[in-house]
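J.: I have a structure I would like to understand better, so I am pasting it below and will then ask my questions one at a time.
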Amino acid sequence: MVENSGHNGHRERMRQKFRNDTDLSSFTEQEVLEMLLFNVIPRADTCDTAQNLLNTFGNLHTVLSADINSLCRVKGVGIKCAEHLVFLGQVFSRAEKESLVSVQADDFESLSRYLKNFFKGDTVGRLCAFSISRSGKITACTVLSVGITDQIAFDV
């Protein structure tokens, strides 16, 4: 589907808005999602697809946390688009988790905040081993096993 005349220049206007503002504070969730879809859905109106995704999943976080099959059931989303969104969601999740490393393990509030963010959005159980430095900072995490919603198998 090629952009119709009502949408001519829309992508460039969105990019210009971003260049002018240099952040996303003036963007709606739909506009953010539209821009994420620009490169994976070329020469088509991404507005309806972004709105369909938000209507189905509720917000940007849940769109980016959804699985490929669920995304493909949304009108306007094909396999390539779904893979792109899942990949982006996992990249953002990894970056967020990496940014929280070096939390002081003996500071309950700091550790609690770190762990809530670390497991945020997970839909399956994970058994993780955390490395802690001599000074008590979390320096790394390794996922040892992934399970289903309420069970994890792990062979010592």
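Residue names in the structure tokens use chain letters A, B, ... in the order shown, residue numbers from 1 in each chain, and ligand numbers from 1 in the order shown.
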Using only C-alpha atoms, determine which residues lie at most 7 Å from range 25-39 of chain A, disregarding the query and same-chain residues fewer than 6 positions distant; provide the list as a PyMOL selection string.
T.: chain A and resi 46-47+50-51+60
J.: Just the selected residues (C-alpha atoms), exported as a compact mmCIF listing (two decimals), in the first residue's frame, please.
T.:
# COMPACT_ATOMS: atom_id res chain seq x y z
CA THR A 46 2.31 3.04 9.18
CA CYS A 47 -0.30 5.04 11.10
CA ALA A 50 0.68 1.46 14.78
CA GLN A 51 -2.89 2.15 15.93
CA LEU A 60 4.40 0.49 23.51
J.: Tell me which protein, DNA and RNA residues are within 10 Å of Leu71 in chain A, counting only C-alpha atoms, leaving out same-chain ones fewer than 5 positions away, and put them as a PyMOL selection string.
T.: chain A and resi 53+56-57+63-66+76-79+81-83+85-86
J.: Within 12 Å of Lys120 in chain A, counting only C-alpha atoms, which residues qualify if same-chain residues fewer than 6 places away don't, as a list in words?
T.: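 Surrounding residues, per the criterion: His61, Thr62, Ser65, Gln90, Phe92, Ser93, Arg94, Glu96, Lys97, Ser112, Arg113, Tyr114 and Arg126 of chain A.
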J.: Output the selection as a PDB file, in the first residue's frame - C-alpha atoms for each residue.
T.:
ATOM      1  CA  HIS A  61       5.957  -1.719  26.196  1.00  0.00           C
ATOM      2  CA  THR A  62       3.507  -4.565  25.620  1.00  0.00           C
ATOM      3  CA  SER A  65       7.194  -7.496  24.671  1.00  0.00           C
ATOM      4  CA  GLN A  90      14.764  -7.553  23.240  1.00  0.00           C
ATOM      5  CA  PHE A  92      15.772  -2.392  24.610  1.00  0.00           C
ATOM      6  CA  SER A  93      15.339  -4.927  27.400  1.00  0.00           C
ATOM      7  CA  ARG A  94      18.991  -5.956  27.240  1.00  0.00           C
ATOM      8  CA  GLU A  96      17.990  -1.527  30.200  1.00  0.00           C
ATOM      9  CA  LYS A  97      19.262  -4.542  32.130  1.00  0.00           C
ATOM     10  CA  SER A 112      14.892  -4.404  44.819  1.00  0.00           C
ATOM     11  CA  ARG A 113      14.576  -1.691  42.136  1.00  0.00           C
ATOM     12  CA  TYR A 114      17.225  -3.463  40.026  1.00  0.00           C
ATOM     13  CA  ARG A 126      14.175 -17.577  34.626  1.00  0.00           C
TER      14      ARG A 126
END
J.: Smallest atom-to-atom distance to His84 in chain A: which of A:Arg11, A:Val40, A:Phe154, A:Asp106, using only C-alpha atoms?
T.: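 Nearest to His84 in chain A: A:Val40.
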J.: So which one's closest to Ile41 in chain A, A:Lys75, A:Arg19, A:His10, A:Lys80? Using only C-alpha atoms, please.
T.: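 Among A:Lys75, A:Arg19, A:His10, A:Lys80, it is A:Lys80 that comes nearest to Ile41 in chain A.
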J.: Could you find all residues in chain A that DSSP calls strand (DSSP E) from the backbone, and write them as a list in words?
T.: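 Matching residues for strand (DSSP E) in chain A are Arg126, Leu127, Cys128, Ala129, Phe130, Ser131, Ile132, Ile138, Thr139, Ala140, Cys141, Thr142, Val143, Leu144, Ser145 and Val146 of chain A.
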J.: Any chance you can output those residues with N, CA and C atoms as a short mmCIF file (atom, residue, chain, number, x, y, z; two decimals), in the first residue's frame?
T.:
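Below you can see again.cif, which holds the result:
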data_model
loop_
_atom_site.label_atom_id
_atom_site.label_comp_id
_atom_site.auth_asym_id
_atom_site.auth_seq_id
_atom_site.Cartn_x
_atom_site.Cartn_y
_atom_site.Cartn_z
N ARG A 126 12.75 -17.48 34.95
CA ARG A 126 14.17 -17.58 34.63
C ARG A 126 14.95 -17.80 35.91
N LEU A 127 15.89 -18.73 35.87
CA LEU A 127 16.81 -18.93 36.98
C LEU A 127 18.11 -18.25 36.59
N CYS A 128 18.52 -17.29 37.39
CA CYS A 128 19.70 -16.48 37.06
C CYS A 128 20.74 -16.57 38.16
N ALA A 129 22.00 -16.47 37.77
CA ALA A 129 23.10 -16.36 38.73
C ALA A 129 23.69 -14.96 38.57
N PHE A 130 23.80 -14.26 39.69
CA PHE A 130 24.35 -12.91 39.67
C PHE A 130 25.77 -12.94 40.23
N SER A 131 26.67 -12.24 39.57
CA SER A 131 28.04 -12.10 40.06
C SER A 131 28.12 -10.82 40.86
N ILE A 132 28.79 -10.91 42.00
CA ILE A 132 28.92 -9.75 42.89
C ILE A 132 30.40 -9.55 43.17
N ILE A 138 26.75 -5.67 41.92
CA ILE A 138 26.39 -6.67 40.92
C ILE A 138 27.15 -6.33 39.65
N THR A 139 27.90 -7.28 39.14
CA THR A 139 28.72 -6.99 37.95
C THR A 139 28.25 -7.74 36.71
N ALA A 140 27.45 -8.79 36.90
CA ALA A 140 26.99 -9.56 35.74
C ALA A 140 25.85 -10.48 36.15
N CYS A 141 25.15 -10.97 35.14
CA CYS A 141 24.08 -11.93 35.36
C CYS A 141 24.13 -12.95 34.24
N THR A 142 23.94 -14.21 34.60
CA THR A 142 23.87 -15.29 33.62
C THR A 142 22.55 -16.01 33.80
N VAL A 143 21.83 -16.20 32.71
CA VAL A 143 20.59 -16.96 32.77
C VAL A 143 20.96 -18.44 32.70
N LEU A 144 20.63 -19.17 33.75
CA LEU A 144 20.97 -20.59 33.83
C LEU A 144 19.91 -21.48 33.22
N SER A 145 18.65 -21.06 33.32
CA SER A 145 17.56 -21.86 32.79
C SER A 145 16.34 -20.98 32.59
N VAL A 146 15.55 -21.33 31.58
CA VAL A 146 14.29 -20.64 31.31
C VAL A 146 13.20 -21.69 31.35
#
J.: Which value, in Å to one decimal, gives the distance between CA of Cys72 in chain A and CA of Gly58 in chain A?
T.: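 Straight-line distance from CA of Cys72 in chain A to CA of Gly58 in chain A works out to 15.9 Å.
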J.: To one decimal place in Å, what is the distance between CA of Ala44 in chain A and CA of Ile68 in chain A?
T.: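 CA of Ile68 in chain A lies 20.9 Å from CA of Ala44 in chain A.
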J.: Restricting the calculation to only C-alpha atoms: of A:Asp122, A:Asn8, A:Lys17, A:Ala105, which residue gets closest to Arg134 in chain A?
T.: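 Closest residue, counting only C-alpha atoms: A:Ala105.
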J.: I'd like to know which residues of range 21-143 of chain A are alpha helix (DSSP H) (by DSSP, run on the backbone); could you write them as a PyMOL selection string?
T.: chain A and resi 21+29-38+47-57+60-65+68-72+79-99+108-119
